[in-house]
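Input: a single structure, listed below in structure tokens.
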Amino acid sequence: MSAPCLALSIGDPAGIGPEIALRAAAMLQERLSAGTFSLALVGDAGTLAATAAALSLPLPPRAGTAGRTGAFIVPTPPPAGRIETGRISAAAGEQAYLAVAEAVRMAMAGEAVGIVTGPISKEALHLAGHSFAGHTELLAALTGAPDSAMLLAHGAFRVSHVTTHCALEDVPRRATAQRIRRVVTLTDATLRVMGLAQPRIAIAALNPHCGEGGLFGRHDIDVTTPLVAEMRAEGFNVSGPVPGDTVFIGLRGGRYDAVVAMYHDQGHIPVKLLGFQVDPASGKWTALSGVNVTMGLPIWRSSVDHGTAFDIAGRGIADATSLVEAIDMGLQLARGRSTPG
């Protein structure tokens, strides 16, 4: 049996994506050479070559020149316009889109067991004419998935999301019982693929103090509470609603295996607070640990848990820790095989 291949889209070519893709391939060289898996770097070959030369990083061969083992490059069509490092542009947004589309094609065709994505700029994506709120929505469209959900993981600290890229004022309307059920079900299935036989899932409250008996809203009382009772009767080990200011303490303490957050910042803040490493002297972040997993697709997708970092692009100081973790997560999910859909 051939080694599993992961398709890695390099992200926005004006950001740190090309650097961390090359750096991750170099960091994983021993495992890649041993044939445990192969890694396809999908994106503009010219950008990868220029980045490798500028930062003295190894440049993998193109697919076809040395087969499809180890790390290799799957080139996308060259950019139609000039791409400047650290600058948002339509040309860069189009390149990011093409890389994701090709990685998805590889996975859907069985050429890759899953995809790993580098960071993209939503603004650049929109400038290129691709009006998606983010990777999650783009991937759902490319794969034909009816819906999807985001799960962030920092080690055993796992958080999935009922809503993500929408205005806070729209969250109560979107956080229906049907949507919460869907996210709990996807989270349960994903955790089982990760090796947890009986996942323990907590649902975070939407309102302070779970609504305080209706004084602060009735969503947690009228929507989440009866849903939890229903799902527990069906065999799900789900708890909630749990106040948002304490539920993550329970997760960190090992009481739960995952938390279902109601909205983007409720779930992202605790994961990133744990994952970011900050230099106390400068106050700037130096490394980030954490992985983003998209659930509900017909393919597995894992990703870095950070953005394009245009401010440090091209300086040779980007950290590839999150990307290596995303690659490891992609392999773990592939070994678990089934995709919850």
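Following the order of the structure tokens, chains are lettered A, B, ..., residues in each are numbered from 1, and ligands are numbered from 1.
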(message) When you look at Gly195 (chain A) with a cut-off of 10 Å (counting only C-alpha atoms), what residues show up, excluding the ones that are within fewer than 6 positions of it in the same chain? I need them as a ChimeraX atom specification.
(response) /A:332-333,336
Can you spit out the residues from that selection as a PDB file, in the first residue's frame, using N, CA, C and O atoms?
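Saved file part-v6.pdb follows:
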ATOM      1  N   GLN A 332      -3.798  11.881  11.279  1.00  0.00           N
ATOM      2  CA  GLN A 332      -4.607  11.196  12.290  1.00  0.00           C
ATOM      3  C   GLN A 332      -6.036  10.993  11.788  1.00  0.00           C
ATOM      4  O   GLN A 332      -6.609   9.914  11.940  1.00  0.00           O
ATOM      5  N   LEU A 333      -6.615  12.026  11.208  1.00  0.00           N
ATOM      6  CA  LEU A 333      -7.975  11.923  10.695  1.00  0.00           C
ATOM      7  C   LEU A 333      -8.048  10.927   9.546  1.00  0.00           C
ATOM      8  O   LEU A 333      -9.013  10.162   9.432  1.00  0.00           O
ATOM      9  N   GLY A 336      -8.230   7.513  10.764  1.00  0.00           N
ATOM     10  CA  GLY A 336      -9.556   7.195  11.260  1.00  0.00           C
ATOM     11  C   GLY A 336     -10.560   6.950  10.132  1.00  0.00           C
ATOM     12  O   GLY A 336     -11.656   6.453  10.372  1.00  0.00           O
TER      13      GLY A 336
END
(message) Can you pull out every residue from region 73-228 of chain A that DSSP, working from the backbone, puts in strand (DSSP E), and format the result as a PyMOL selection string?
(response) chain A and resi 73-75+114-117+149-154+157-161+201-204
(message) At a cut-off of 8 Å, using only C-alpha atoms, what residues contact Gly35 (chain A)? Leave out same-chain residues fewer than 6 positions from it and give the result as a PyMOL selection string.
(response) chain A and resi 3+69-70
Using C-alpha atoms, can you write the selected residues to a file as a short mmCIF file (atom, residue, chain, number, x, y, z; two decimals), in the first residue's frame?
data_model
loop_
_atom_site.label_atom_id
_atom_site.label_comp_id
_atom_site.auth_asym_id
_atom_site.auth_seq_id
_atom_site.Cartn_x
_atom_site.Cartn_y
_atom_site.Cartn_z
CA ALA A 3 2.01 6.02 1.72
CA THR A 69 7.01 10.69 -2.87
CA GLY A 70 8.36 12.76 -0.02
#
Each residue of region 8-30 of chain A with at least one atom at most 6 Å from region 117-141 of chain A should appear once, together with its nearest atom pair and the corresponding distance in Å (one decimal); atoms considered: only C-alpha atoms; ordering: chain, then increasing residue number; output as a Markdown table.
| residue | atom | partner | partner_atom | distance |
| --- | --- | --- | --- | --- |
| A:Leu8 | CA | A:Thr117 | CA | 5.6 |
| A:Ser9 | CA | A:Thr117 | CA | 4.9 |
| A:Ile10 | CA | A:Gly118 | CA | 4.9 |
| A:Gly11 | CA | A:Gly118 | CA | 4.2 |
| A:Asp12 | CA | A:Ile120 | CA | 4.8 |
| A:Gly17 | CA | A:Gly118 | CA | 5.3 |
Only N, CA and C atoms, please: the residues just picked out, written as a compact mmCIF listing (two decimals), in the first residue's frame.
# COMPACT_ATOMS: atom_id res chain seq x y z
N LEU A 8 -1.28 20.05 0.52
CA LEU A 8 -1.11 21.27 1.32
C LEU A 8 -1.21 22.49 0.42
N SER A 9 -2.31 23.24 0.51
CA SER A 9 -2.41 24.50 -0.23
C SER A 9 -1.60 25.55 0.52
N ILE A 10 -0.78 26.30 -0.20
CA ILE A 10 0.21 27.16 0.48
C ILE A 10 -0.37 28.48 0.96
N GLY A 11 -1.68 28.72 0.71
CA GLY A 11 -2.29 29.94 1.21
C GLY A 11 -2.02 31.15 0.33
N ASP A 12 -2.23 32.33 0.89
CA ASP A 12 -1.99 33.57 0.16
C ASP A 12 -0.48 33.71 -0.09
N GLY A 17 2.36 31.95 4.18
CA GLY A 17 2.03 30.60 3.76
C GLY A 17 3.13 29.86 3.03
(message) Report, in Å with one decimal, the straight-line distance from CA of Asp245 (chain A) to CA of Ala153 (chain A).
(response) 18.8 Å
(message) Using Å and a single decimal, report how far CA of Leu39 (chain A) sits from CA of Phe72 (chain A).
(response) 6.4 Å
(message) For a quick check of understanding, using only C-alpha atoms, which of A:His154, A:Ala334, A:Leu55, A:Asp222 has the smallest distance to Thr321 (chain A)?
(response) A:His154
(message) With distances taken over only C-alpha atoms, which residue among A:Ala156, A:Leu32, A:Ala175, A:Ile299 lies nearest Pro199 (chain A)?
(response) A:Ala156
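Across A:Leu48, A:Ala326, A:Leu251, A:Ile115, the tightest approach to Ala101 (chain A) is made by A:Ile115 when counting only C-alpha atoms.
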(message) I'd like the neighbourhood of region 160-171 of chain A as a list in words, where a residue qualifies if any of its atoms comes within 8 Å (using only C-alpha atoms), though same-chain residues fewer than 4 positions away should be ignored.
(response) Ala133, Gly134, Ala149, Met150, Leu151, Leu152, Ala175, Arg179, Ile180, Val183, Thr187, Ala258, Val259, Val260, Ala261, Met262, Tyr263, His264 and Gly267 of chain A
May I have the residues from that selection written out with all heavy atoms, as a short mmCIF file (atom, residue, chain, number, x, y, z; two decimals), in the first residue's frame?
data_model
loop_
_atom_site.label_atom_id
_atom_site.label_comp_id
_atom_site.auth_asym_id
_atom_site.auth_seq_id
_atom_site.Cartn_x
_atom_site.Cartn_y
_atom_site.Cartn_z
N ALA A 133 -16.94 33.91 3.08
CA ALA A 133 -16.58 34.49 4.37
C ALA A 133 -15.26 33.94 4.90
O ALA A 133 -14.63 34.53 5.76
CB ALA A 133 -17.70 34.23 5.39
N GLY A 134 -14.83 32.79 4.39
CA GLY A 134 -13.58 32.20 4.84
C GLY A 134 -13.38 30.83 4.23
O GLY A 134 -14.14 30.39 3.34
N ALA A 149 -18.91 22.72 9.71
CA ALA A 149 -18.69 23.31 11.03
C ALA A 149 -17.20 23.30 11.33
O ALA A 149 -16.45 22.46 10.83
CB ALA A 149 -19.46 22.54 12.12
N MET A 150 -16.79 24.25 12.14
CA MET A 150 -15.38 24.43 12.48
C MET A 150 -15.08 23.88 13.86
O MET A 150 -15.84 24.08 14.81
CB MET A 150 -15.03 25.92 12.44
CG MET A 150 -13.61 26.26 12.84
SD MET A 150 -13.34 28.06 13.00
CE MET A 150 -13.64 28.60 11.32
N LEU A 151 -13.96 23.17 13.96
CA LEU A 151 -13.46 22.70 15.25
C LEU A 151 -12.01 23.16 15.40
O LEU A 151 -11.19 22.91 14.51
CB LEU A 151 -13.55 21.18 15.37
CG LEU A 151 -13.08 20.57 16.70
CD1 LEU A 151 -13.97 19.39 17.09
CD2 LEU A 151 -11.63 20.10 16.63
N LEU A 152 -11.71 23.84 16.49
CA LEU A 152 -10.34 24.24 16.80
C LEU A 152 -9.80 23.30 17.87
O LEU A 152 -10.53 22.92 18.79
CB LEU A 152 -10.28 25.68 17.31
CG LEU A 152 -10.78 26.78 16.39
CD1 LEU A 152 -10.59 28.14 17.04
CD2 LEU A 152 -10.08 26.74 15.04
N ALA A 175 -28.46 30.22 15.67
CA ALA A 175 -28.20 29.13 16.63
C ALA A 175 -29.49 28.39 16.96
O ALA A 175 -29.95 28.35 18.10
CB ALA A 175 -27.55 29.70 17.89
N ARG A 179 -29.38 23.46 14.17
CA ARG A 179 -27.97 23.72 13.92
C ARG A 179 -27.11 23.22 15.09
O ARG A 179 -26.05 22.62 14.88
CB ARG A 179 -27.75 25.22 13.70
CG ARG A 179 -26.29 25.63 13.55
CD ARG A 179 -25.61 24.97 12.37
NE ARG A 179 -24.22 25.39 12.27
CZ ARG A 179 -23.34 24.84 11.43
NH1 ARG A 179 -23.70 23.84 10.63
NH2 ARG A 179 -22.10 25.29 11.39
N ILE A 180 -27.56 23.46 16.31
CA ILE A 180 -26.79 22.98 17.47
C ILE A 180 -26.69 21.46 17.44
O ILE A 180 -25.62 20.88 17.67
CB ILE A 180 -27.42 23.46 18.79
CG1 ILE A 180 -27.42 24.99 18.87
CG2 ILE A 180 -26.66 22.89 19.99
CD1 ILE A 180 -28.23 25.55 20.02
N VAL A 183 -24.06 20.38 14.90
CA VAL A 183 -22.68 20.59 15.32
C VAL A 183 -22.29 19.58 16.42
O VAL A 183 -21.18 19.05 16.40
CB VAL A 183 -22.46 22.04 15.79
CG1 VAL A 183 -21.07 22.22 16.36
CG2 VAL A 183 -22.69 23.01 14.64
N THR A 187 -19.33 16.94 15.95
CA THR A 187 -18.25 16.94 16.93
C THR A 187 -18.07 15.55 17.54
O THR A 187 -16.95 15.05 17.67
CB THR A 187 -18.54 17.96 18.04
OG1 THR A 187 -18.71 19.25 17.45
CG2 THR A 187 -17.40 18.03 19.04
N ALA A 258 -14.74 18.15 24.58
CA ALA A 258 -14.91 19.26 23.64
C ALA A 258 -16.02 20.16 24.15
O ALA A 258 -16.90 19.72 24.91
CB ALA A 258 -15.25 18.76 22.24
N VAL A 259 -15.96 21.41 23.71
CA VAL A 259 -17.02 22.38 23.99
C VAL A 259 -17.59 22.84 22.66
O VAL A 259 -16.84 23.10 21.71
CB VAL A 259 -16.49 23.59 24.79
CG1 VAL A 259 -17.50 24.74 24.76
CG2 VAL A 259 -16.19 23.19 26.22
N VAL A 260 -18.91 22.93 22.58
CA VAL A 260 -19.57 23.53 21.43
C VAL A 260 -19.85 24.99 21.78
O VAL A 260 -20.65 25.28 22.67
CB VAL A 260 -20.88 22.80 21.09
CG1 VAL A 260 -21.64 23.54 20.00
CG2 VAL A 260 -20.59 21.37 20.65
N ALA A 261 -19.15 25.90 21.10
CA ALA A 261 -19.32 27.34 21.34
C ALA A 261 -20.41 27.88 20.42
O ALA A 261 -20.63 27.37 19.33
CB ALA A 261 -18.01 28.08 21.08
N MET A 262 -21.08 28.92 20.86
CA MET A 262 -22.18 29.48 20.10
C MET A 262 -21.73 30.41 18.97
O MET A 262 -22.41 30.53 17.96
CB MET A 262 -23.14 30.24 21.02
CG MET A 262 -24.00 29.34 21.87
SD MET A 262 -25.21 28.46 20.87
CE MET A 262 -25.47 27.03 21.92
N TYR A 263 -20.58 31.07 19.15
CA TYR A 263 -20.16 32.03 18.14
C TYR A 263 -18.64 32.10 18.09
O TYR A 263 -17.93 31.57 18.95
CB TYR A 263 -20.77 33.41 18.37
CG TYR A 263 -20.57 33.99 19.76
CD1 TYR A 263 -19.49 34.82 20.04
CD2 TYR A 263 -21.47 33.70 20.79
CE1 TYR A 263 -19.31 35.36 21.31
CE2 TYR A 263 -21.31 34.23 22.06
CZ TYR A 263 -20.23 35.06 22.32
OH TYR A 263 -20.04 35.57 23.57
N HIS A 264 -18.15 32.76 17.04
CA HIS A 264 -16.73 32.80 16.69
C HIS A 264 -15.83 33.14 17.87
O HIS A 264 -14.96 32.35 18.27
CB HIS A 264 -16.54 33.80 15.55
CG HIS A 264 -15.15 33.90 15.02
ND1 HIS A 264 -14.15 34.59 15.67
CD2 HIS A 264 -14.59 33.41 13.88
CE1 HIS A 264 -13.03 34.52 14.97
NE2 HIS A 264 -13.27 33.81 13.88
N GLY A 267 -15.52 30.86 21.04
CA GLY A 267 -14.70 29.66 20.90
C GLY A 267 -13.26 29.92 20.57
O GLY A 267 -12.36 29.21 21.03
#
(request) Might you pull out every residue within 7 Å of region 206-220 of chain A, with only C-alpha atoms counted and same-chain residues fewer than 5 positions away left off, and present them as a list in words? (result)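 The neighbour list is Thr225, Pro241, Val242, Pro243 and Met262 of chain A.
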(message) Please determine, counting only C-alpha atoms, which residue among A:Ala109, A:Leu22, A:Val116, A:Met295 has the shortest atom-to-atom distance to Ala49 (chain A).
(response) A:Leu22
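The space between CA of Val228 (chain A) and CA of His268 (chain A) spans 22.9 Å.
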(request) Check the smallest atom-to-atom distance from each of A:His306, A:Met231, A:Arg192, A:Ile221 to Asp257 (chain A) using only C-alpha atoms, then report the winner. (result) A:Arg192
(message) So, with only C-alpha atoms as the atoms that count, which of A:Ala202, A:Val193, A:Ala21, A:Ile317 lies closest to Thr47 (chain A)?
(response)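 For Thr47 (chain A), the nearest of the given residues is A:Ala21.
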(request) Report as a VMD selection string: the residues of region 94-300 of chain A with a DSSP assignment of helix (DSSP H, G or I), based on the backbone of this structure. (result) chain A and resid 94 to 108 122 to 127 135 to 143 168 to 174 177 to 193 208 to 214 219 to 233 247 to 252 264 to 275
(request) Show which residues sit within 7 Å of Val42 (chain A), as number ranges by chain. Count only C-alpha atoms, and ignore same-chain residues fewer than 4 positions away. (result) A: 7-10, 73-76, 99, 103
Residues from the last selection, C-alpha atoms, saved as a PDB file, in the first residue's frame:
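part_10.pdb, freshly written:
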ATOM      1  CA  ALA A   7      -2.370  18.032  -0.267  1.00  0.00           C
ATOM      2  CA  LEU A   8      -1.112  21.269   1.318  1.00  0.00           C
ATOM      3  CA  SER A   9      -2.413  24.503  -0.231  1.00  0.00           C
ATOM      4  CA  ILE A  10       0.206  27.157   0.479  1.00  0.00           C
ATOM      5  CA  ILE A  73       5.190  20.685  -5.672  1.00  0.00           C
ATOM      6  CA  VAL A  74       1.900  20.606  -7.561  1.00  0.00           C
ATOM      7  CA  PRO A  75       1.977  23.927  -9.431  1.00  0.00           C
ATOM      8  CA  THR A  76      -1.087  26.047 -10.110  1.00  0.00           C
ATOM      9  CA  ALA A  99      -4.386  26.335  -4.600  1.00  0.00           C
ATOM     10  CA  ALA A 103      -6.016  20.528  -3.251  1.00  0.00           C
TER      11      ALA A 103
END
